[in-house]
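A.B. asks: Structure below; questions to follow.
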Amino acid sequence: MSAKIISGAEIAEQIRQELRKDIASLKEKGVTPGLAVVLVGEDPASQSYVRMKGKACEELGLFSQTIVKPADTSEEELLALIDSLNADPRIHGILVQLPLPKHIDENKVILRIDPNKDVDGFHPINVGKMLIGEPGFLPCTPHGIQEMLIRSGVDPEGKHVVVVGRSNIVGKPVAAILVQKRKGANATVTIAHSRTRDLASITRSADILVAAMGSPQFIKADMVREGAVVIDVGSNRIDDPSAKRGYRWVGDVDFEAVKEKASAITPVPGGVGPMTIVMLMKNTVLSASRALEAD
Ligand code: GUN
């Protein structure tokens with residue numbers, strides 16, 4: 001039987017509808033949530049992500065500022081830009097698109113962002129709050145994955161979630177969120193990665209499999225248990241001469257084969273990607289509400 005397709009695009013639209021109400025009520029109180037997105041360099045994938053984030057702001061009527069800097073921008077210059085955004089009352093969220101050019105220390109940059117404007121949830125203060133279950137900002141992709149599961153009727157409670165990939169952006173935080181002692185979480189979580197022995201035997205024990213290792217179509221049908229829920233976080237551009245543009249996007253999962261075995265699966269594109277963007281909007285609106293309360 002073919003799996004149910006979990007549409008991130010549809011779930012993201014539901015969340016956008018909810019956000020429209022919150023945004024209208026903030027605007028009535030004189031506050032327009034504002035997001036600054038900083039891009040250093042000309043990486044085409046990053047350019048496309050940054051464009052999508054700006055468009056999402058525009059569509060919801062948020063204030064947005066996209067700041068593009070050349071690849072040879074110095075670390076000091078970038079830190080000074082962050083200082084000015086930290087001090088700007090129109091800006092409630094600051095996102096520095098990663099990866100940064102090699103000569104810039106990513107951790108130093110993240111540390112400079114005001115934790116109250118860190119809508120990516122990457123600042124160590126917010127990472128710490130996430131781990132201990134305190135309210136801060138949850139990182140967008142992992143939080144989006146949790147929302148997607150809950151809203152499509154998949155309760156992680158008591159399930160074995162296997163996360164393949166241990167990045168700071170997805171693997172580690174999605175594990176931290178789903179293991180929390182609370183509704184919508186309470187999962188048993190295993191993190192597997194490139195050094196894991198006998199990976200397939202571990203992925204086959206997953207009730208919910210999260211593929212986030214950044215390797216095109218790596219998860220094959222024989223690595224998935226019959227009836228598992230599969231969340232594909234991958235976004236890989238592969239050459240395809242038969243496609244109009246000469247390439248197409250694929251995930252970390254061999255979608256066509258795995259969909260015949262899973263009970264539910266996210267597509268690429270249209271799965272996790274739209275969720276990441278809408279959760280960024282949600283964090284920006286949340287930050288604006290908190291700023292208003294603190295006034
Ligand atoms: N690069 C890939 N994903 C992300 C993300 O969620 N936030 C930022 N800032 N950079 C990224």
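Identifiers for the structure tokens are assigned positionally: chains receive A, B, ... in sequence, residues are indexed from 1 per chain, and ligands are indexed from 1 in the order shown.
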Excluding Val119 in chain A and any residue of its chain fewer than 3 positions from it, enumerate the residues within 10 Å of it, using only C-alpha atoms, and give them as a list in words.
C.D. replies: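 In the requested form, the answer reads Leu35, His92, Gly93, Ile94, Leu95, Ile113, Asp114, Pro115, Asn116, Phe122, His123, Asn126, Gly136, Phe137, Leu138, Pro139, Cys140, Met279, Leu280, Met281, Lys282, Asn283, Thr284, Val285, Leu286 and Ser287 of chain A.
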A.B. asks: Can you pull out the residues contacting range 181-189 of chain A? Cut-off 9 Å, using only C-alpha atoms, and skip same-chain residues under 4 positions away; I want them as a VMD selection string.
C.D. replies: chain A and resid 133 146 to 147 149 to 150 154 to 163 175 to 177
A.B. asks: Write the residues of the selection above to a file with N, CA and C atoms, as a compact mmCIF listing (two decimals), in the first residue's frame.
C.D. replies:
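Written file, selection-v8.txt:
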```txt
# COMPACT_ATOMS: atom_id res chain seq x y z
N GLY A 133 13.82 22.48 28.59
CA GLY A 133 12.37 22.59 28.43
C GLY A 133 11.81 23.92 28.87
N GLN A 146 8.12 18.57 14.44
CA GLN A 146 7.21 18.19 15.52
C GLN A 146 5.77 18.61 15.19
N GLU A 147 5.60 19.84 14.72
CA GLU A 147 4.26 20.33 14.35
C GLU A 147 3.62 19.47 13.26
N LEU A 149 4.21 16.32 12.58
CA LEU A 149 3.80 15.02 13.13
C LEU A 149 2.47 15.17 13.86
N ILE A 150 2.42 16.15 14.76
CA ILE A 150 1.22 16.32 15.59
C ILE A 150 0.00 16.62 14.71
N VAL A 154 0.16 12.03 14.06
CA VAL A 154 1.19 11.09 14.50
C VAL A 154 1.74 11.58 15.84
N ASP A 155 1.31 10.94 16.93
CA ASP A 155 1.78 11.34 18.26
C ASP A 155 3.10 10.61 18.54
N PRO A 156 4.19 11.36 18.76
CA PRO A 156 5.48 10.69 19.00
C PRO A 156 5.55 9.92 20.33
N GLU A 157 4.58 10.15 21.23
CA GLU A 157 4.65 9.56 22.57
C GLU A 157 4.88 8.04 22.54
N GLY A 158 5.94 7.63 23.22
CA GLY A 158 6.25 6.20 23.36
C GLY A 158 6.85 5.56 22.12
N LYS A 159 6.89 6.32 21.02
CA LYS A 159 7.41 5.74 19.77
C LYS A 159 8.93 5.79 19.73
N HIS A 160 9.49 4.91 18.91
CA HIS A 160 10.94 4.97 18.71
C HIS A 160 11.22 5.86 17.50
N VAL A 161 11.81 7.03 17.79
CA VAL A 161 12.21 7.95 16.72
C VAL A 161 13.69 7.73 16.44
N VAL A 162 14.02 7.43 15.22
CA VAL A 162 15.44 7.35 14.84
C VAL A 162 15.75 8.55 13.95
N VAL A 163 16.71 9.35 14.41
CA VAL A 163 17.15 10.51 13.64
C VAL A 163 18.48 10.14 13.00
N ALA A 175 16.05 15.70 18.14
CA ALA A 175 16.10 14.67 19.18
C ALA A 175 15.75 15.29 20.54
N ALA A 176 16.32 16.48 20.81
CA ALA A 176 16.08 17.15 22.10
C ALA A 176 14.61 17.51 22.26
N ILE A 177 13.97 17.93 21.18
CA ILE A 177 12.56 18.35 21.26
C ILE A 177 11.65 17.12 21.46
```
A.B. asks: Enumerate the residues of range 120-249 of chain A with a DSSP assignment of strand (DSSP E or B), computed from the backbone, and present them as a list in words.
C.D. replies: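 Across range 120-249 of chain A, those assigned strand (DSSP E or B) are His160, Val161, Val162, Val163, Val164, Thr188, Val189, Thr190, Ile191, Ala192, Ile208, Leu209, Val210, Ala211, Ile219, Val229, Val230, Ile231, Asp232, Asn236, Arg237, Ile238, Asp239, Tyr247, Arg248 and Trp249 of chain A.
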A.B. asks: Give me, as JSON lines, the closest atom pair and its distance (Å, one decimal) for every residue of chain A within a cut-off of 8 Å of ligand 1, counting only C-alpha atoms and all ligand atoms, rows sorted by chain and rising number.
C.D. replies:
```
{"residue": "A:Ser46", "atom": "CA", "partner": "ligand 1", "partner_atom_place_in_ligand_line": "1 (N)", "distance": 7.1}
{"residue": "A:Leu95", "atom": "CA", "partner": "ligand 1", "partner_atom_place_in_ligand_line": "9 (N)", "distance": 5.2}
{"residue": "A:Val96", "atom": "CA", "partner": "ligand 1", "partner_atom_place_in_ligand_line": "9 (N)", "distance": 4.7}
{"residue": "A:Gln97", "atom": "CA", "partner": "ligand 1", "partner_atom_place_in_ligand_line": "9 (N)", "distance": 3.7}
{"residue": "A:Leu98", "atom": "CA", "partner": "ligand 1", "partner_atom_place_in_ligand_line": "10 (N)", "distance": 3.8}
{"residue": "A:Pro99", "atom": "CA", "partner": "ligand 1", "partner_atom_place_in_ligand_line": "1 (N)", "distance": 6.0}
{"residue": "A:Asp120", "atom": "CA", "partner": "ligand 1", "partner_atom_place_in_ligand_line": "7 (N)", "distance": 5.8}
{"residue": "A:Pro139", "atom": "CA", "partner": "ligand 1", "partner_atom_place_in_ligand_line": "6 (O)", "distance": 7.0}
{"residue": "A:Cys140", "atom": "CA", "partner": "ligand 1", "partner_atom_place_in_ligand_line": "6 (O)", "distance": 6.0}
{"residue": "A:Thr141", "atom": "CA", "partner": "ligand 1", "partner_atom_place_in_ligand_line": "6 (O)", "distance": 6.2}
{"residue": "A:Ile169", "atom": "CA", "partner": "ligand 1", "partner_atom_place_in_ligand_line": "6 (O)", "distance": 6.3}
{"residue": "A:Thr276", "atom": "CA", "partner": "ligand 1", "partner_atom_place_in_ligand_line": "6 (O)", "distance": 6.9}
```
A.B. asks: With distances taken over only C-alpha atoms, which of A:Asp239, A:Leu19, A:Glu226, A:Ala288 is nearest to Phe63 in chain A?
C.D. replies: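 Using only C-alpha atoms, the shortest distance to Phe63 in chain A belongs to A:Ala288.
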A.B. asks: If I take CA of Leu62 in chain A and CA of Thr32 in chain A, how far is one from the other in Å, to one decimal?
C.D. replies: 6.2 Å
A.B. asks: What are the DSSP helix (DSSP H, G or I) residues of range 165-294 of chain A, as a count of residues only?
C.D. replies: 43
A.B. asks: Tell me, as an NGL selection string, which residues lie within 10 Å of Tyr49 in chain A, counting only C-alpha atoms; anything in the same chain fewer than 6 positions away does not count.
C.D. replies: :A and (39 or 55 or 97 or 273 or 277)
A.B. asks: Which one of A:Ala264, A:Val278, A:Ile219, A:Ile202 sits closest to Arg20 in chain A if you count only C-alpha atoms?
C.D. replies: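 Of A:Ala264, A:Val278, A:Ile219, A:Ile202, the one nearest Arg20 in chain A, counting only C-alpha atoms, is A:Val278.
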A.B. asks: Give the answer as one residue: which of A:Glu10, A:Asp88, A:Asp83, A:Asp43 has the shortest atom-to-atom distance to Leu111 in chain A, using only C-alpha atoms?
C.D. replies: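 Ranked by minimum distance to Leu111 in chain A, first place goes to A:Asp83.
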A.B. asks: Find the residues around Pro216 in chain A up to 6 Å (only C-alpha atoms counted), leave out those fewer than 3 positions away in its own chain, and share them as number ranges by chain.
C.D. replies: A: 236, 251-252
A.B. asks: CA of Ala36 in chain A to CA of Ile91 in chain A: how many Å, to one decimal?
C.D. replies: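 So the two atoms, CA of Ala36 in chain A and CA of Ile91 in chain A, lie 6.5 Å apart.
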A.B. asks: Would you compute the distance between CA of Tyr247 in chain A and CA of Ala12 in chain A? Give it in Å to one decimal.
C.D. replies: 25.6 Å
A.B. asks: If you count only C-alpha atoms, which residues fall within 10 Å of Asp222 in chain A, apart from same-chain ones fewer than 5 positions away, as a ChimeraX atom specification?
C.D. replies: /A:200-201,203-204,257-258,261
A.B. asks: Can you tell me, as a PDB file with N, CA and C atoms, in the first residue's frame, what residues are no more than 7 Å from Thr66 in chain A when counting only C-alpha atoms, ignoring any on the same chain fewer than 6 positions away?
C.D. replies:
```pdb
ATOM      1  N   ALA A  36      14.972  40.483  10.092  1.00  0.00           N
ATOM      2  CA  ALA A  36      16.145  40.807   9.269  1.00  0.00           C
ATOM      3  C   ALA A  36      16.840  39.507   8.884  1.00  0.00           C
ATOM      4  N   VAL A  37      17.089  39.348   7.598  1.00  0.00           N
ATOM      5  CA  VAL A  37      17.789  38.155   7.112  1.00  0.00           C
ATOM      6  C   VAL A  37      19.115  38.618   6.503  1.00  0.00           C
ATOM      7  N   VAL A  38      20.198  38.038   6.995  1.00  0.00           N
ATOM      8  CA  VAL A  38      21.524  38.449   6.531  1.00  0.00           C
ATOM      9  C   VAL A  38      22.144  37.307   5.734  1.00  0.00           C
ATOM     10  N   GLY A  54      12.075  36.138   2.613  1.00  0.00           N
ATOM     11  CA  GLY A  54      11.591  37.501   2.361  1.00  0.00           C
ATOM     12  C   GLY A  54      10.176  37.487   1.804  1.00  0.00           C
TER      13      GLY A  54
END
```
A.B. asks: Please list as number ranges by chain every residue within 8 Å of Ile231 in chain A, counting only C-alpha atoms and excluding residues in the same chain fewer than 4 positions away.
C.D. replies: A: 145, 208-211, 265-266, 272
A.B. asks: Closest to Cys57 in chain A among A:Gly34, A:Gly214, A:Pro241, A:Pro142, using only C-alpha atoms?
C.D. replies: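 Between A:Gly34, A:Gly214, A:Pro241, A:Pro142, the residue approaching Cys57 in chain A most closely is A:Gly34.
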